[in-house]
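Notes follow once the structure below has been shown.
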Amino acid sequence: MSEPMRILVVEDEALILMQIEMMLEEAGYRVVGTAMTATEAIALVHETRPELVLIDLRLGDDSSGVDVAHAVRAIGGITAAFMTANARALSDDLEGATAVIAKPFTGAVLEESLAYLEDCVRRPPPAELVPTGMRLAPALLKTFAQMRA
């Protein structure tokens, strides 16, 4: 059996952060860290080297999840996905992130989305059907279509 996927959670609301962390751990994922600001998140990305970073769009200290997604992209080899109620605030390319999961979400939606993202990270291309409540970056969809061809 493979090791659980390593995930960093970036969320500025403590109760939501704890809930997401608990849901991830119960689903068998390994939470390698949590952060409430962009600065904390970027430092933890360098320190923990997660496979996936789940990022809220608006963070503490008036920082932005977009800054975290750009930093993750610059580092390379790590997947970034937004979890936000403000998905419409993102550009069409999702600001460099792989996906966006719309809040609020149920535990089932989160589990389906994470299973899909795990396939994106570890076994690309994933199934063609994107889970309900999730949107993928157009560049990633194009890459997966080319892989399937």
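Residue names in the structure tokens use chain letters A, B, ... in the order shown, residue numbers from 1 in each chain, and ligand numbers from 1 in the order shown.
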Might you pull out every residue within 10 Å of Thr48 of chain A, with only C-alpha atoms counted and same-chain residues fewer than 4 positions away left off, and present them as a list in words? Arg6, Ile7, Leu8, Val32, Gly33, Ala43 and Leu44 of chain A
Using DSSP on the backbone coordinates, identify the residues of chain A assigned to helix (DSSP H, G or I); present them as a ChimeraX atom specification. /A:14-26,38-48,60-62,65-75,87-89,94-96,107-122,138-148
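Using only C-alpha atoms, the smallest distance between any of A:Gln146, A:Gly133, A:Glu51, A:Thr34 and Gly107 of chain A comes from A:Gly133.
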Show me a table, sorted first by chain and then by increasing residue number, of the residues of segment 105-128 of chain A having an atom at most 9 Å from segment 74-88 of chain A, each with its shortest atom pair and the distance in Å to one decimal, counting only C-alpha atoms and written as a tab-separated table.
```
residue	atom	partner	partner_atom	distance
A:Leu117	CA	A:Thr79	CA	8.6
A:Cys120	CA	A:Thr79	CA	8.7
A:Val121	CA	A:Thr79	CA	7.0
```
Restricting the output to C-alpha atoms, write the selected residues as a PDB file, in the first residue's frame.
```pdb
ATOM      1  CA  LEU A 117      -6.492  15.363  -7.024  1.00  0.00           C
ATOM      2  CA  CYS A 120      -3.769  14.108 -10.743  1.00  0.00           C
ATOM      3  CA  VAL A 121      -0.642  14.059  -8.571  1.00  0.00           C
TER       4      VAL A 121
END
```
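When only C-alpha atoms are used to compute distances to Ala89 of chain A, the closest of the residues A:Leu57, A:Val45, A:Ala127, A:Leu114 turns out to be A:Leu57.
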Record the distance separating atom CA of Leu110 of chain A and atom CA of His46 of chain A, expressed in Å with one decimal. 25.1 Å
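Neighbours of Glu26 of chain A closer than or equal to 12 Å, with only C-alpha atoms counted and sequence neighbours fewer than 5 positions away skipped, come out as A:Pro4, A:Gln19, A:Ile20, A:Glu21, A:Val31, A:Gly107, A:Leu110, A:Glu111.
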Prev. selection, N, CA and C atoms, output as a short mmCIF file (atom, residue, chain, number, x, y, z; two decimals), in the first residue's frame:
```
data_model
loop_
_atom_site.label_atom_id
_atom_site.label_comp_id
_atom_site.auth_asym_id
_atom_site.auth_seq_id
_atom_site.Cartn_x
_atom_site.Cartn_y
_atom_site.Cartn_z
N PRO A 4 0.25 7.65 2.51
CA PRO A 4 -0.82 8.64 2.34
C PRO A 4 -0.28 9.92 1.71
N GLN A 19 -11.67 21.57 11.06
CA GLN A 19 -12.63 20.65 10.44
C GLN A 19 -12.02 20.00 9.20
N ILE A 20 -11.37 20.79 8.36
CA ILE A 20 -10.74 20.25 7.15
C ILE A 20 -9.63 19.28 7.53
N GLU A 21 -8.81 19.66 8.50
CA GLU A 21 -7.72 18.79 8.94
C GLU A 21 -8.27 17.45 9.43
N VAL A 31 -1.78 15.22 6.97
CA VAL A 31 -1.67 16.68 7.02
C VAL A 31 -0.29 17.00 7.58
N GLY A 107 -18.53 16.60 3.22
CA GLY A 107 -17.43 15.65 3.37
C GLY A 107 -17.28 14.77 2.14
N LEU A 110 -15.58 16.76 -0.63
CA LEU A 110 -14.16 16.90 -0.35
C LEU A 110 -13.42 15.59 -0.63
N GLU A 111 -13.98 14.47 -0.19
CA GLU A 111 -13.33 13.18 -0.42
C GLU A 111 -13.21 12.85 -1.90
#
```
Per DSSP on the backbone, what are the strand (DSSP E) residues of segment 16-50 of chain A, as a ChimeraX atom specification? /A:30-35
